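Visitor: Would you mind keeping the following structure in view while I ask a few things?
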Number of protein chains: 2
Amino acid sequence: MVSIKEIAKEVGVSPATVSNALTGKGRVSSQMIDRIQAVAKELGYRPSLAGRALQRGQTGILGLVMPDLTNPLFPRIAQQLSIAADAQGLGILIGDSRGNPDEQSQALHRLVDRGVDGLLVVPQMGAFPEPQPVPTAIIHTASDPRNSVSGDHAGGGSLIARHIAGLGHKRVVILGGDRVSEVQQDRIAGMVQEFATSVETRVLWGEDELSDLITAVSDGATAVMTTSDLLALRVLSHLTRSGFSVPRDVSLTGYDDLPLAWAMHPALTTIAQDVPQIATRALEIVTSLINGNSAPSQGEMVPMRLVIRQSTSKPNPRQESNP
Amino acid sequence: MVSIKEIAKEVGVSPATVSNALTGKGRVSSQMIDRIQAVAKELGYRPSLAGRALQRGQTGILGLVMPDLTNPLFPRIAQQLSIAADAQGLGILIGDSRGNPDEQSQALHRLVDRGVDGLLVVPQMGAFPEPQPVPTAIIHTASDPRNSVSGDHAGGGSLIARHIAGLGHKRVVILGGDRVSEVQQDRIAGMVQEFATSVETRVLWGEDELSDLITAVSDGATAVMTTSDLLALRVLSHLTRSGFSVPRDVSLTGYDDLPLAWAMHPALTTIAQDVPQIATRALEIVTSLINGNSAPSQGEMVPMRLVIRQSTSKPNPRQESNP
DNA sequence: ACCGTTTGATTAAACGTTAAATCAGAGGTT
DNA sequence: AACCTCTGATTTAACGTTTAATCAAACGGT
């Protein structure tokens, strides 16, 4: 590893001058800057992040903690975050909170111990992370707007509900996966609010109530909306098994726009999150906090996008036959 | 941040003694060790990784590069790796190669510049990473056994093919997603090899040949095997649309055991990778390399596991009717 | 009583970088 | 000619940790 001293010796100048020349901070003649830069490149100099970290008290590393790295959204967030961070010369260290609040705070601690300059946290369901000694951006939770960025889950719910209402559906069943999840609550709240009184709405939760869902459809509901694509896939299975055709007999919607939404038949109408946007905002919050400024765009929500595919259509009049 | 010096001052001893006491390296009386440890805990001392890194020349951080963070397997690998690394006090920095070989080597460079002690690489399709200045473990490529750990893709192919053959199928269609992918080639090779001459086998590739697949089924093939669950989902759609029922008319298999394999109806028979095992091995390779030993378990393959669900059954005799 | 050994601790230097303080000289002003 | 200013560079110290070298004292043995 070639250090700043070797460049100094090679050029015949003091280490400080090299440092100044390379970082553009002190007072160095422009010709000297050129020479030093040339030699640095020639020797293949790479600044030691460790040395710099020690001196500056900053590591240039951010910690990313997700509730469960198995979360289907994780890859996209991680990717976008990683790209955005790269652009600023920051690195991203991953931490996994393994599905429980306790591990979440341990993961946070480990990252802080490693000296990360900031944290990006997608909190555990219902477990808001305790305040940390470094700047922190919270991703994805609508409830607390402090330093948080979130997709507009309720807005997305409204969006897709408007689509369904616009098609002319009058009786709709909504299926959520987990009552505890704030995100899913928000999504459903958005749908319900949009429908208001113009559409008859029934909300069911979880695998257990799947059979109730079939009953509801048999009783005349013409659309099923879910809070996740995976759930929609399961619903599709059950509907098909019960003799209902999508979208002819029932329209079906998902949420998240996972790869499988595209692979399904019929391809799933769903809501896509603007992940790059979310990642960028989250990063802006931490970097801004790190630089001592207050966070921009407090609690602002990133709009969702409606993706219309083949699983939704106008309701067809059908005879009341229970298969 | 409380440093070693403050502990030293508090205890009334030199910094070196504190360091020795805490790391257990030099010669310190046991009572002094106790006192120092007590004070350290009381003051909430956290060793500065930066200081240590500078002195030792090691950061305790590993770089993880994946071809495309959108890869459905990424979350699981990342999670297991992160857990295993934590256990050894190592951190994991992520890098994304964004789907092209060029970005891959840039990502590797960035991580090396950051001073990672080692690299974990899941290579781009067909793009073997150039040698790096730090210990590197290659995950997932069967071709080059040097410092690589891979799931036994061919073995998994054989495994699931044996299952199909065991059920009594005599005519099988295999669908691959991308000819370029070594992994998919291996999977198919395993299947074909297992069938040998006892089962009539036809191999098709990609979305374009999906219609050929339907034709083949119409012509009497009783099982369709794919190289990924996502592909299987698409096949299921097409089969259903063409009037074939799974598994009554056709058996169907996937590969990877993604969450959707479970959510589909019928639930998909597939092959699961032992991701924790792969992650552990990969980590063993780098850590061992870092410690100056040569890598253990050279090129050894991690066995796959057959997951039997409802998408496969004995072939049913059916009349030769082309729907 | 003297010498070698062991024990427990200290000093000093080093890792690579940077920021503040200092310094030598050139140039311009009174 | 004495003074101030500006420029371009150098010294020095510091960040927190580790380690090799050193040192003082206590101990045991002849």
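Letters A, B, ... go to the chains of the structure tokens in the order shown; residues in each chain start at 1; ligands are counted from 1 in the same order.
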Give me, as JSON, numbers by chain, the residues of chain A touching chain C, with the criterion being at most 10 Å (counting only C-alpha atoms (C1' of nucleotides)).

Guide: {"A": [2, 3, 4, 5, 15, 16, 19, 20, 23, 25, 26, 47, 48, 49, 50, 51, 52, 53, 54, 55, 56]}

Visitor: How about saving the chosen residues, N, CA and C atoms kept, as a tab-separated table (two decimals), in the first residue's frame?

Guide:
```tsv
chain	number	residue	atom	x	y	z
A	2	VAL	N	0.66	2.09	-0.98
A	2	VAL	CA	1.45	3.31	-1.09
A	2	VAL	C	0.77	4.45	-0.33
A	3	SER	N	1.56	5.06	0.56
A	3	SER	CA	0.99	6.09	1.43
A	3	SER	C	1.37	7.49	0.95
A	4	ILE	N	0.83	8.43	1.64
A	4	ILE	CA	1.06	9.83	1.30
A	4	ILE	C	2.53	10.21	1.49
A	5	LYS	N	3.17	9.53	2.43
A	5	LYS	CA	4.58	9.83	2.69
A	5	LYS	C	5.47	9.48	1.51
A	15	PRO	N	4.68	15.66	3.53
A	15	PRO	CA	3.41	14.93	3.46
A	15	PRO	C	2.21	15.86	3.50
A	16	ALA	N	2.31	16.90	4.31
A	16	ALA	CA	1.17	17.81	4.43
A	16	ALA	C	0.83	18.42	3.09
A	19	SER	N	-1.07	15.98	1.05
A	19	SER	CA	-2.45	15.91	1.53
A	19	SER	C	-3.24	17.11	1.02
A	20	ASN	N	-2.66	18.28	1.18
A	20	ASN	CA	-3.33	19.50	0.72
A	20	ASN	C	-3.60	19.47	-0.78
A	23	THR	N	-6.43	16.91	-1.53
A	23	THR	CA	-7.77	17.21	-1.06
A	23	THR	C	-8.19	18.63	-1.42
A	25	LYS	N	-7.23	21.46	-0.02
A	25	LYS	CA	-7.63	22.23	1.15
A	25	LYS	C	-6.70	23.38	1.51
A	26	GLY	N	-5.42	23.12	1.54
A	26	GLY	CA	-4.51	24.15	2.02
A	26	GLY	C	-4.09	25.12	0.92
A	47	PRO	N	-6.05	6.50	-1.05
A	47	PRO	CA	-6.05	6.98	0.33
A	47	PRO	C	-6.52	5.89	1.27
A	48	SER	N	-5.91	5.80	2.42
A	48	SER	CA	-6.32	4.83	3.41
A	48	SER	C	-7.54	5.35	4.16
A	49	LEU	N	-8.66	4.67	3.92
A	49	LEU	CA	-9.88	5.10	4.58
A	49	LEU	C	-9.74	5.00	6.09
A	50	ALA	N	-8.94	4.04	6.53
A	50	ALA	CA	-8.76	3.85	7.97
A	50	ALA	C	-8.07	5.07	8.58
A	51	GLY	N	-6.98	5.48	7.94
A	51	GLY	CA	-6.25	6.64	8.43
A	51	GLY	C	-7.14	7.87	8.45
A	52	ARG	N	-7.84	8.03	7.37
A	52	ARG	CA	-8.71	9.19	7.26
A	52	ARG	C	-9.82	9.14	8.31
A	53	ALA	N	-10.36	7.95	8.48
A	53	ALA	CA	-11.46	7.79	9.44
A	53	ALA	C	-10.99	8.16	10.84
A	54	LEU	N	-9.80	7.70	11.16
A	54	LEU	CA	-9.26	7.95	12.49
A	54	LEU	C	-9.12	9.45	12.72
A	55	GLN	N	-8.54	10.10	11.75
A	55	GLN	CA	-8.28	11.53	11.89
A	55	GLN	C	-9.55	12.37	11.88
A	56	ARG	N	-10.46	12.00	10.97
A	56	ARG	CA	-11.65	12.82	10.81
A	56	ARG	C	-12.78	12.44	11.77
```

Visitor: Counting only C-alpha atoms, collect the residues of chain A whose closest atom lies at most 7 Å from chain B, and write them out as an NGL selection string.

Guide: :A and (46 or 49-51 or 53-54 or 69-70 or 74-76 or 79 or 82 or 91-96 or 113-115 or 230 or 233-234 or 237 or 260 or 263-265)

Visitor: Kindly export the residues of the current selection with C-alpha atoms, as a CSV table (one decimal), in the first residue's frame.

Guide:
```csv
chain,number,residue,atom,x,y,z
A,46,ARG,CA,-5.3,5.0,-2.8
A,49,LEU,CA,-9.9,5.1,4.6
A,50,ALA,CA,-8.8,3.8,8.0
A,51,GLY,CA,-6.2,6.6,8.4
A,53,ALA,CA,-11.5,7.8,9.4
A,54,LEU,CA,-9.3,8.0,12.5
A,69,LEU,CA,-33.5,-9.4,4.7
A,70,THR,CA,-35.9,-12.0,3.2
A,74,PHE,CA,-35.1,-5.6,0.3
A,75,PRO,CA,-33.1,-6.2,-2.8
A,76,ARG,CA,-34.4,-3.2,-4.6
A,79,GLN,CA,-29.6,-1.8,-4.7
A,82,SER,CA,-26.0,1.2,-2.7
A,91,GLY,CA,-20.4,2.6,1.7
A,92,ILE,CA,-23.2,0.6,3.0
A,93,LEU,CA,-22.9,-2.0,5.8
A,94,ILE,CA,-25.8,-4.4,6.2
A,95,GLY,CA,-27.5,-5.5,9.3
A,96,ASP,CA,-30.3,-7.9,9.7
A,113,ASP,CA,-19.9,0.1,17.2
A,114,ARG,CA,-18.5,-0.3,13.8
A,115,GLY,CA,-18.4,3.5,13.6
A,230,LEU,CA,-47.9,-12.8,-2.9
A,233,LEU,CA,-51.2,-15.1,-6.0
A,234,ARG,CA,-52.7,-17.2,-3.3
A,237,SER,CA,-55.2,-20.0,-6.7
A,260,LEU,CA,-44.1,-12.6,-9.9
A,263,ALA,CA,-45.1,-13.8,-14.4
A,264,MET,CA,-48.6,-14.6,-13.2
A,265,HIS,CA,-51.4,-15.3,-15.6
```

Visitor: Nearest to B:Ala127: which of B:Val180, B:Val13, B:Leu306, B:Val246 is it, counting only C-alpha atoms?

Guide: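 Ranking B:Val180, B:Val13, B:Leu306, B:Val246 by distance to B:Ala127, first place goes to B:Val180.
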
Visitor: Could you go through stretch 65-299 of chain B and tell me which residues DSSP, when run on the backbone, assigns to strand (DSSP E or B), listing them as a ChimeraX atom specification?

Guide: /B:65-66,91-96,118-121,124,127,136-139,148-151,171-176,200-205,223-226,251-253,269-272

Visitor: Output N, CA and C atoms of each residue in that selection to a file, as a tab-separated table (two decimals), in the first residue's frame.

Guide:
```tsv
chain	number	residue	atom	x	y	z
B	65	VAL	N	-20.41	-8.77	-3.31
B	65	VAL	CA	-20.85	-8.27	-4.62
B	65	VAL	C	-21.77	-9.27	-5.28
B	66	MET	N	-22.92	-8.81	-5.66
B	66	MET	CA	-23.84	-9.70	-6.36
B	66	MET	C	-24.15	-9.14	-7.74
B	91	GLY	N	-18.00	-7.33	9.45
B	91	GLY	CA	-19.10	-6.58	8.86
B	91	GLY	C	-19.17	-6.87	7.37
B	92	ILE	N	-20.32	-6.59	6.79
B	92	ILE	CA	-20.46	-6.82	5.35
B	92	ILE	C	-20.90	-5.57	4.62
B	93	LEU	N	-20.07	-5.19	3.68
B	93	LEU	CA	-20.32	-4.00	2.88
B	93	LEU	C	-20.88	-4.47	1.55
B	94	ILE	N	-21.97	-3.85	1.10
B	94	ILE	CA	-22.54	-4.36	-0.14
B	94	ILE	C	-22.08	-3.58	-1.36
B	95	GLY	N	-22.01	-4.30	-2.43
B	95	GLY	CA	-21.67	-3.70	-3.71
B	95	GLY	C	-22.57	-4.32	-4.75
B	96	ASP	N	-22.97	-3.51	-5.70
B	96	ASP	CA	-23.90	-4.00	-6.70
B	96	ASP	C	-23.24	-3.90	-8.06
B	118	GLY	N	-11.63	-8.91	2.67
B	118	GLY	CA	-11.89	-10.02	1.78
B	118	GLY	C	-13.13	-9.76	0.96
B	119	LEU	N	-13.33	-10.58	-0.04
B	119	LEU	CA	-14.48	-10.38	-0.92
B	119	LEU	C	-15.30	-11.66	-1.07
B	120	LEU	N	-16.59	-11.47	-1.15
B	120	LEU	CA	-17.48	-12.56	-1.47
B	120	LEU	C	-18.18	-12.18	-2.76
B	121	VAL	N	-18.01	-12.98	-3.77
B	121	VAL	CA	-18.54	-12.60	-5.08
B	121	VAL	C	-19.46	-13.66	-5.67
B	124	GLN	N	-21.24	-12.30	-12.10
B	124	GLN	CA	-22.08	-12.03	-13.24
B	124	GLN	C	-22.15	-13.27	-14.12
B	127	ALA	N	-19.20	-13.80	-16.43
B	127	ALA	CA	-18.10	-12.86	-16.22
B	127	ALA	C	-17.35	-13.21	-14.94
B	136	THR	N	-10.54	-13.81	-1.83
B	136	THR	CA	-11.84	-13.77	-2.47
B	136	THR	C	-12.48	-15.16	-2.50
B	137	ALA	N	-13.75	-15.20	-2.17
B	137	ALA	CA	-14.48	-16.46	-2.33
B	137	ALA	C	-15.53	-16.27	-3.40
B	138	ILE	N	-15.59	-17.23	-4.29
B	138	ILE	CA	-16.56	-17.16	-5.38
B	138	ILE	C	-17.74	-18.05	-5.03
B	139	ILE	N	-18.92	-17.48	-5.12
B	139	ILE	CA	-20.10	-18.26	-4.80
B	139	ILE	C	-20.88	-18.59	-6.06
B	148	SER	N	-13.96	-21.55	-4.43
B	148	SER	CA	-15.35	-21.29	-4.74
B	148	SER	C	-16.24	-22.28	-4.01
B	149	VAL	N	-17.41	-21.82	-3.71
B	149	VAL	CA	-18.39	-22.72	-3.11
B	149	VAL	C	-19.66	-22.58	-3.93
B	150	SER	N	-20.27	-23.69	-4.18
B	150	SER	CA	-21.42	-23.63	-5.05
B	150	SER	C	-22.45	-24.65	-4.61
B	151	GLY	N	-23.69	-24.31	-4.82
B	151	GLY	CA	-24.72	-25.31	-4.65
B	151	GLY	C	-24.54	-26.35	-5.74
B	171	ARG	N	-42.11	-39.18	-20.74
B	171	ARG	CA	-41.82	-38.10	-21.70
B	171	ARG	C	-41.83	-36.76	-20.97
B	172	VAL	N	-40.71	-36.08	-21.01
B	172	VAL	CA	-40.55	-34.88	-20.20
B	172	VAL	C	-40.04	-33.71	-21.05
B	173	VAL	N	-40.56	-32.52	-20.77
B	173	VAL	CA	-40.01	-31.32	-21.40
B	173	VAL	C	-39.30	-30.49	-20.34
B	174	ILE	N	-38.13	-30.03	-20.68
B	174	ILE	CA	-37.37	-29.18	-19.75
B	174	ILE	C	-37.30	-27.77	-20.33
B	175	LEU	N	-37.59	-26.78	-19.48
B	175	LEU	CA	-37.53	-25.40	-19.96
B	175	LEU	C	-36.50	-24.60	-19.17
B	176	GLY	N	-35.54	-24.06	-19.89
B	176	GLY	CA	-34.53	-23.21	-19.26
B	176	GLY	C	-34.84	-21.75	-19.53
B	200	GLU	N	-37.71	-39.99	-22.27
B	200	GLU	CA	-37.56	-39.17	-23.47
B	200	GLU	C	-37.56	-37.70	-23.05
B	201	THR	N	-36.50	-36.98	-23.39
B	201	THR	CA	-36.32	-35.63	-22.88
B	201	THR	C	-36.19	-34.61	-24.00
B	202	ARG	N	-36.85	-33.50	-23.83
B	202	ARG	CA	-36.69	-32.43	-24.82
B	202	ARG	C	-36.38	-31.14	-24.05
B	203	VAL	N	-35.36	-30.41	-24.49
B	203	VAL	CA	-34.97	-29.18	-23.79
B	203	VAL	C	-35.34	-27.95	-24.61
B	204	LEU	N	-36.05	-27.04	-23.99
B	204	LEU	CA	-36.41	-25.78	-24.65
B	204	LEU	C	-35.83	-24.62	-23.84
B	205	TRP	N	-35.68	-23.46	-24.49
B	205	TRP	CA	-35.10	-22.31	-23.79
B	205	TRP	C	-35.93	-21.06	-23.96
B	223	ALA	N	-44.71	-34.31	-18.12
B	223	ALA	CA	-44.08	-33.51	-17.07
B	223	ALA	C	-43.28	-32.37	-17.67
B	224	VAL	N	-43.34	-31.23	-17.01
B	224	VAL	CA	-42.54	-30.08	-17.43
B	224	VAL	C	-41.63	-29.70	-16.27
B	225	MET	N	-40.35	-29.60	-16.55
B	225	MET	CA	-39.40	-29.21	-15.51
B	225	MET	C	-38.77	-27.88	-15.91
B	226	THR	N	-38.64	-26.99	-14.96
B	226	THR	CA	-38.05	-25.69	-15.27
B	226	THR	C	-36.81	-25.44	-14.42
B	251	SER	N	-47.28	-32.87	-14.75
B	251	SER	CA	-46.55	-32.52	-13.53
B	251	SER	C	-45.63	-31.35	-13.84
B	252	LEU	N	-45.37	-30.55	-12.84
B	252	LEU	CA	-44.57	-29.33	-13.06
B	252	LEU	C	-43.58	-29.16	-11.91
B	253	THR	N	-42.35	-28.81	-12.25
B	253	THR	CA	-41.37	-28.56	-11.20
B	253	THR	C	-40.66	-27.22	-11.42
B	269	THR	N	-43.56	-28.29	-6.50
B	269	THR	CA	-42.44	-29.17	-6.18
B	269	THR	C	-41.18	-28.54	-6.75
B	270	THR	N	-40.16	-28.44	-5.94
B	270	THR	CA	-39.00	-27.68	-6.38
B	270	THR	C	-37.74	-28.12	-5.65
B	271	ILE	N	-36.65	-27.45	-5.95
B	271	ILE	CA	-35.37	-27.76	-5.30
B	271	ILE	C	-34.96	-26.57	-4.44
B	272	ALA	N	-34.61	-26.87	-3.20
B	272	ALA	CA	-34.19	-25.80	-2.30
B	272	ALA	C	-32.68	-25.84	-2.12
```

Visitor: My list of candidates is B:Ile33, B:Val18, B:Val11, B:Ala279. Which is closest to chain D when distances are computed with only C-alpha atoms (C1' of nucleotides)?

Guide: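 With only C-alpha atoms (C1' of nucleotides) as the atom set, the closest residue is B:Val18.
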
Visitor: Mind checking DSSP for stretch 133-265 of chain A and telling me the helix (DSSP H, G or I) residues as an MDAnalysis selection string?

Guide: chainID A and resid 153:167 182:195 207:218 229:241 259:263

Visitor: Once you count only C-alpha atoms (C1' of nucleotides), which residues of chain D turn out to be within 12 Å of chain A? Could you give them as a VMD selection string?

Guide: chain D and resid 6 to 17

Visitor: Kindly save the residues from that selection, with N, CA and C atoms (P, O5', C5', C4', C3', O3' and C1' of nucleotides) included, as a compact mmCIF listing (two decimals), in the first residue's frame.

Guide:
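Written out: out_2.txt:
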```txt
# COMPACT_ATOMS: atom_id res chain seq x y z
P DC D 6 -3.27 40.51 2.46
O5' DC D 6 -2.65 39.46 1.44
C5' DC D 6 -1.99 39.94 0.26
C4' DC D 6 -1.12 38.84 -0.30
C3' DC D 6 -1.78 37.45 -0.24
O3' DC D 6 -1.87 36.94 -1.56
C1' DC D 6 0.47 37.38 0.57
P DT D 7 -2.54 35.52 -1.82
O5' DT D 7 -1.26 34.60 -2.06
C5' DT D 7 -0.21 35.07 -2.89
C4' DT D 7 0.93 34.08 -2.85
C3' DT D 7 0.50 32.62 -2.95
O3' DT D 7 1.23 32.01 -3.99
C1' DT D 7 1.98 32.94 -1.11
P DG D 8 0.84 30.61 -4.55
O5' DG D 8 1.86 29.67 -3.78
C5' DG D 8 3.25 29.82 -4.01
C4' DG D 8 4.02 28.94 -3.06
C3' DG D 8 3.51 27.49 -3.00
O3' DG D 8 4.60 26.62 -3.14
C1' DG D 8 3.67 28.40 -0.83
P DA D 9 4.30 25.07 -3.41
O5' DA D 9 4.75 24.44 -2.02
C5' DA D 9 6.13 24.51 -1.70
C4' DA D 9 6.32 24.64 -0.21
C3' DA D 9 6.11 23.36 0.61
O3' DA D 9 7.36 22.68 0.75
C1' DA D 9 5.41 25.35 1.74
P DT D 10 7.38 21.32 1.59
O5' DT D 10 7.55 21.84 3.09
C5' DT D 10 8.68 22.64 3.42
C4' DT D 10 8.71 22.88 4.92
C3' DT D 10 8.74 21.59 5.76
O3' DT D 10 9.70 21.76 6.79
C1' DT D 10 6.89 22.92 6.39
P DT D 11 10.37 20.48 7.43
O5' DT D 11 9.98 20.68 8.96
C5' DT D 11 8.75 21.31 9.21
C4' DT D 11 8.64 21.79 10.62
C3' DT D 11 8.72 20.68 11.66
O3' DT D 11 9.03 21.25 12.92
C1' DT D 11 6.46 21.38 11.35
P DT D 12 9.27 20.30 14.18
O5' DT D 12 7.81 20.14 14.78
C5' DT D 12 7.05 21.33 15.01
C4' DT D 12 5.70 20.96 15.59
C3' DT D 12 5.69 19.68 16.43
O3' DT D 12 5.04 19.99 17.64
C1' DT D 12 3.99 19.59 14.77
P DA D 13 5.09 18.95 18.84
O5' DA D 13 3.54 18.57 18.92
C5' DA D 13 2.57 19.61 18.73
C4' DA D 13 1.24 19.00 18.39
C3' DA D 13 0.88 17.75 19.20
O3' DA D 13 -0.41 17.95 19.74
C1' DA D 13 0.56 17.34 16.90
P DA D 14 -0.87 17.05 20.99
O5' DA D 14 -2.13 16.30 20.39
C5' DA D 14 -3.09 17.05 19.64
C4' DA D 14 -3.79 16.12 18.67
C3' DA D 14 -4.11 14.74 19.26
O3' DA D 14 -5.49 14.67 19.56
C1' DA D 14 -3.31 14.62 17.00
P DC D 15 -5.95 13.44 20.48
O5' DC D 15 -7.06 12.69 19.66
C5' DC D 15 -7.74 13.25 18.53
C4' DC D 15 -8.07 12.15 17.56
C3' DC D 15 -8.07 10.76 18.18
O3' DC D 15 -9.40 10.43 18.57
C1' DC D 15 -6.92 10.79 16.07
P DG D 16 -9.60 9.82 20.04
O5' DG D 16 -9.12 8.31 19.84
C5' DG D 16 -9.91 7.45 19.02
C4' DG D 16 -9.23 6.10 18.94
C3' DG D 16 -8.97 5.45 20.30
O3' DG D 16 -9.52 4.14 20.25
C1' DG D 16 -6.99 5.48 18.99
P DT D 17 -9.31 3.10 21.40
O5' DT D 17 -8.11 2.26 20.82
C5' DT D 17 -8.32 1.56 19.60
C4' DT D 17 -7.04 0.95 19.09
C3' DT D 17 -6.39 -0.06 20.04
O3' DT D 17 -6.69 -1.36 19.53
C1' DT D 17 -4.78 1.39 18.98
```

Visitor: By how many Å are atom CA of B:Glu194 and atom CA of B:Gly166 apart?

Guide: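 If I compute the distance from atom CA of B:Glu194 to atom CA of B:Gly166, I get 11.1 Å.
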
Visitor: Figure out the distance between atom CA of B:Thr287 and atom CA of B:Asp117, please, to one decimal in Å.

Guide: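 We find that atom CA of B:Asp117 and atom CA of B:Thr287 lie 8.8 Å from each other.
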